[in-house]
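Data first, discussion second: the structure below is written as structure tokens.
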Amino acid sequence: MTGAELQGAGVGETQRKSPLRRWALRIGAAVLAAAILGGVIFFVVLRMTAEPEQVVRDFLAQAAAGDYAAAHAHFSAPLKQVQPLEPFSAAVQANSLFFKVTDLSFNQRSIDQAGAELAGTVTLESGTEVPANFSLVREGESWKLIAYNIGS
């Protein structure tokens with residue numbers, strides 16, 4: 001085989017690998033773009049639900065501390081009608097272990113013009129993890145609880 005023949009053999013091999021390489025690069029680029037888009041969406045949803053999440057955290061901390069009026073202040077007007085301060089205070093006292101939360105994790109988050117939904121688990125002081133769901137609505141410039149469910 002002469003030098004010209006060797007070069008010719010190499011060119012043919014490169015041409016056969018080239019379409020596969022292009023497809024691999026395209027697939028890799030598509031996977032990378034999808035990962036970047038997924039990351040951006042994840043962080044946008046986290047940022048958009050940060051304020052409702054803080055309302056939930058404050059609500060739980062104030063209820064656990066026995067500041068029922070402050071916790072109740074996080075209720076929306078409709079929830080205040082369903083659960084006025086006195087019955088709320090009595091319910092928290094009767095079920096205080098559900099409000100003594102050491103950790104809060106939301107694996108489902110959604111937000112739209114109608115409100116925000118946060119669902120996940122709370123870890124109680126005893127170490128037990130229980131499910132928790134919180135629904136919030138906008139009242140004026142603030143997020144308020146319209147419904148909550150801890151432990152069932």
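Ligands are numbered from 1 in the order shown, residues from 1 within each chain, and chains are lettered A, B, ... in the order they appear in the structure tokens.
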
So that I can check the surroundings of stretch 94-106 of chain A, please list as JSON, numbers by chain every protein, DNA and RNA residue that reaches within 12 Å of it, counting only C-alpha atoms and ignoring chain neighbours fewer than 6 positions away. {"A": [45, 46, 49, 50, 52, 53, 54, 56, 57, 58, 59, 60, 61, 62, 63, 64, 65, 66, 67, 68, 71, 87, 88, 117, 118, 119, 120, 121, 122, 123, 124, 125, 126, 127, 128, 129, 130, 131, 132, 133, 134, 148, 149, 150, 151, 152]}

Only N, CA and C atoms, please: the residues just picked out, written as a CSV table (one decimal), in the first residue's frame.
```csv
chain,number,residue,atom,x,y,z
A,45,VAL,N,-39.9,27.8,39.4
A,45,VAL,CA,-41.0,27.4,40.3
A,45,VAL,C,-40.7,27.5,41.8
A,46,LEU,N,-39.4,27.2,42.1
A,46,LEU,CA,-39.0,27.4,43.5
A,46,LEU,C,-39.1,28.9,43.9
A,49,THR,N,-42.7,30.0,44.3
A,49,THR,CA,-43.4,29.5,45.5
A,49,THR,C,-42.7,29.8,46.8
A,50,ALA,N,-41.6,30.6,46.7
A,50,ALA,CA,-40.9,30.9,47.9
A,50,ALA,C,-41.7,31.7,48.9
A,52,PRO,N,-45.2,31.9,49.2
A,52,PRO,CA,-46.2,31.0,49.9
A,52,PRO,C,-45.5,30.0,50.8
A,53,GLU,N,-44.4,29.5,50.5
A,53,GLU,CA,-43.7,28.5,51.4
A,53,GLU,C,-43.3,29.2,52.7
A,54,GLN,N,-42.9,30.5,52.6
A,54,GLN,CA,-42.5,31.2,53.9
A,54,GLN,C,-43.8,31.4,54.7
A,56,VAL,N,-46.3,29.4,55.0
A,56,VAL,CA,-46.6,28.1,55.7
A,56,VAL,C,-45.6,27.9,56.8
A,57,ARG,N,-44.3,28.2,56.6
A,57,ARG,CA,-43.3,28.1,57.6
A,57,ARG,C,-43.6,29.0,58.8
A,58,ASP,N,-44.0,30.2,58.6
A,58,ASP,CA,-44.3,31.1,59.6
A,58,ASP,C,-45.5,30.7,60.4
A,59,PHE,N,-46.5,30.2,59.7
A,59,PHE,CA,-47.8,29.7,60.3
A,59,PHE,C,-47.5,28.6,61.2
A,60,LEU,N,-46.7,27.6,60.8
A,60,LEU,CA,-46.4,26.4,61.6
A,60,LEU,C,-45.5,26.8,62.8
A,61,ALA,N,-44.5,27.7,62.6
A,61,ALA,CA,-43.7,28.2,63.7
A,61,ALA,C,-44.5,28.9,64.8
A,62,GLN,N,-45.4,29.8,64.4
A,62,GLN,CA,-46.2,30.6,65.3
A,62,GLN,C,-47.2,29.7,66.0
A,63,ALA,N,-47.8,28.7,65.3
A,63,ALA,CA,-48.7,27.8,66.0
A,63,ALA,C,-48.0,27.0,67.0
A,64,ALA,N,-46.8,26.5,66.7
A,64,ALA,CA,-46.0,25.7,67.6
A,64,ALA,C,-45.5,26.5,68.8
A,65,ALA,N,-45.3,27.8,68.6
A,65,ALA,CA,-44.9,28.6,69.7
A,65,ALA,C,-46.0,29.1,70.6
A,66,GLY,N,-47.2,28.7,70.2
A,66,GLY,CA,-48.4,29.1,71.0
A,66,GLY,C,-48.9,30.5,70.7
A,67,ASP,N,-48.4,31.1,69.7
A,67,ASP,CA,-48.9,32.5,69.2
A,67,ASP,C,-50.0,32.2,68.2
A,68,TYR,N,-51.1,31.8,68.7
A,68,TYR,CA,-52.3,31.4,67.9
A,68,TYR,C,-52.8,32.6,67.1
A,71,ALA,N,-50.5,33.0,64.1
A,71,ALA,CA,-50.7,31.9,63.2
A,71,ALA,C,-52.0,32.1,62.4
A,87,PRO,N,-61.7,28.3,68.0
A,87,PRO,CA,-61.7,26.9,67.6
A,87,PRO,C,-60.3,26.5,67.1
A,88,PHE,N,-59.7,27.4,66.3
A,88,PHE,CA,-58.3,27.1,65.8
A,88,PHE,C,-57.3,26.9,67.0
A,117,GLU,N,-50.4,25.8,45.6
A,117,GLU,CA,-50.6,24.5,46.2
A,117,GLU,C,-49.2,24.0,46.6
A,118,LEU,N,-49.0,23.6,47.8
A,118,LEU,CA,-47.7,23.0,48.3
A,118,LEU,C,-48.1,21.7,49.0
A,119,ALA,N,-47.5,20.6,48.5
A,119,ALA,CA,-47.7,19.3,49.1
A,119,ALA,C,-46.4,18.6,49.4
A,120,GLY,N,-46.3,17.9,50.5
A,120,GLY,CA,-45.1,17.2,50.8
A,120,GLY,C,-45.2,16.5,52.1
A,121,THR,N,-44.1,16.6,52.9
A,121,THR,CA,-44.1,16.0,54.2
A,121,THR,C,-43.5,17.0,55.2
A,122,VAL,N,-44.0,16.8,56.5
A,122,VAL,CA,-43.4,17.6,57.6
A,122,VAL,C,-42.8,16.5,58.5
A,123,THR,N,-41.6,16.9,59.1
A,123,THR,CA,-41.0,16.0,60.1
A,123,THR,C,-41.3,16.6,61.4
A,124,LEU,N,-41.9,15.8,62.3
A,124,LEU,CA,-42.3,16.3,63.6
A,124,LEU,C,-41.1,16.1,64.6
A,125,GLU,N,-41.2,16.8,65.7
A,125,GLU,CA,-40.2,16.7,66.7
A,125,GLU,C,-39.9,15.2,67.1
A,126,SER,N,-40.9,14.4,67.0
A,126,SER,CA,-40.7,12.9,67.4
A,126,SER,C,-39.9,12.2,66.3
A,127,GLY,N,-39.7,12.8,65.2
A,127,GLY,CA,-39.0,12.2,64.1
A,127,GLY,C,-39.9,11.6,63.0
A,128,THR,N,-41.2,11.6,63.3
A,128,THR,CA,-42.1,11.0,62.4
A,128,THR,C,-42.4,12.0,61.2
A,129,GLU,N,-42.4,11.4,60.0
A,129,GLU,CA,-42.8,12.2,58.9
A,129,GLU,C,-44.3,11.9,58.5
A,130,VAL,N,-45.0,13.0,58.3
A,130,VAL,CA,-46.4,12.9,58.0
A,130,VAL,C,-46.7,13.8,56.8
A,131,PRO,N,-47.7,13.4,56.0
A,131,PRO,CA,-48.0,14.2,54.8
A,131,PRO,C,-48.6,15.5,55.2
A,132,ALA,N,-48.4,16.5,54.3
A,132,ALA,CA,-49.0,17.8,54.6
A,132,ALA,C,-49.3,18.5,53.3
A,133,ASN,N,-50.4,19.2,53.2
A,133,ASN,CA,-50.9,19.9,52.1
A,133,ASN,C,-51.3,21.3,52.5
A,134,PHE,N,-50.9,22.3,51.7
A,134,PHE,CA,-51.3,23.7,52.0
A,134,PHE,C,-51.8,24.4,50.7
A,148,TYR,N,-55.5,23.8,54.8
A,148,TYR,CA,-54.3,23.1,55.2
A,148,TYR,C,-54.7,21.7,55.8
A,149,ASN,N,-53.8,20.8,55.6
A,149,ASN,CA,-54.0,19.4,56.1
A,149,ASN,C,-52.7,18.8,56.5
A,150,ILE,N,-52.5,18.5,57.8
A,150,ILE,CA,-51.3,18.0,58.3
A,150,ILE,C,-51.6,16.6,58.9
A,151,GLY,N,-50.9,15.6,58.4
A,151,GLY,CA,-51.0,14.3,59.0
A,151,GLY,C,-52.0,13.3,58.6
A,152,SER,N,-52.7,13.6,57.6
A,152,SER,CA,-53.7,12.5,57.2
A,152,SER,C,-53.7,12.4,55.7
```

Expected answer as a count of residues only: alpha helix (DSSP H) residues in chain A: 82
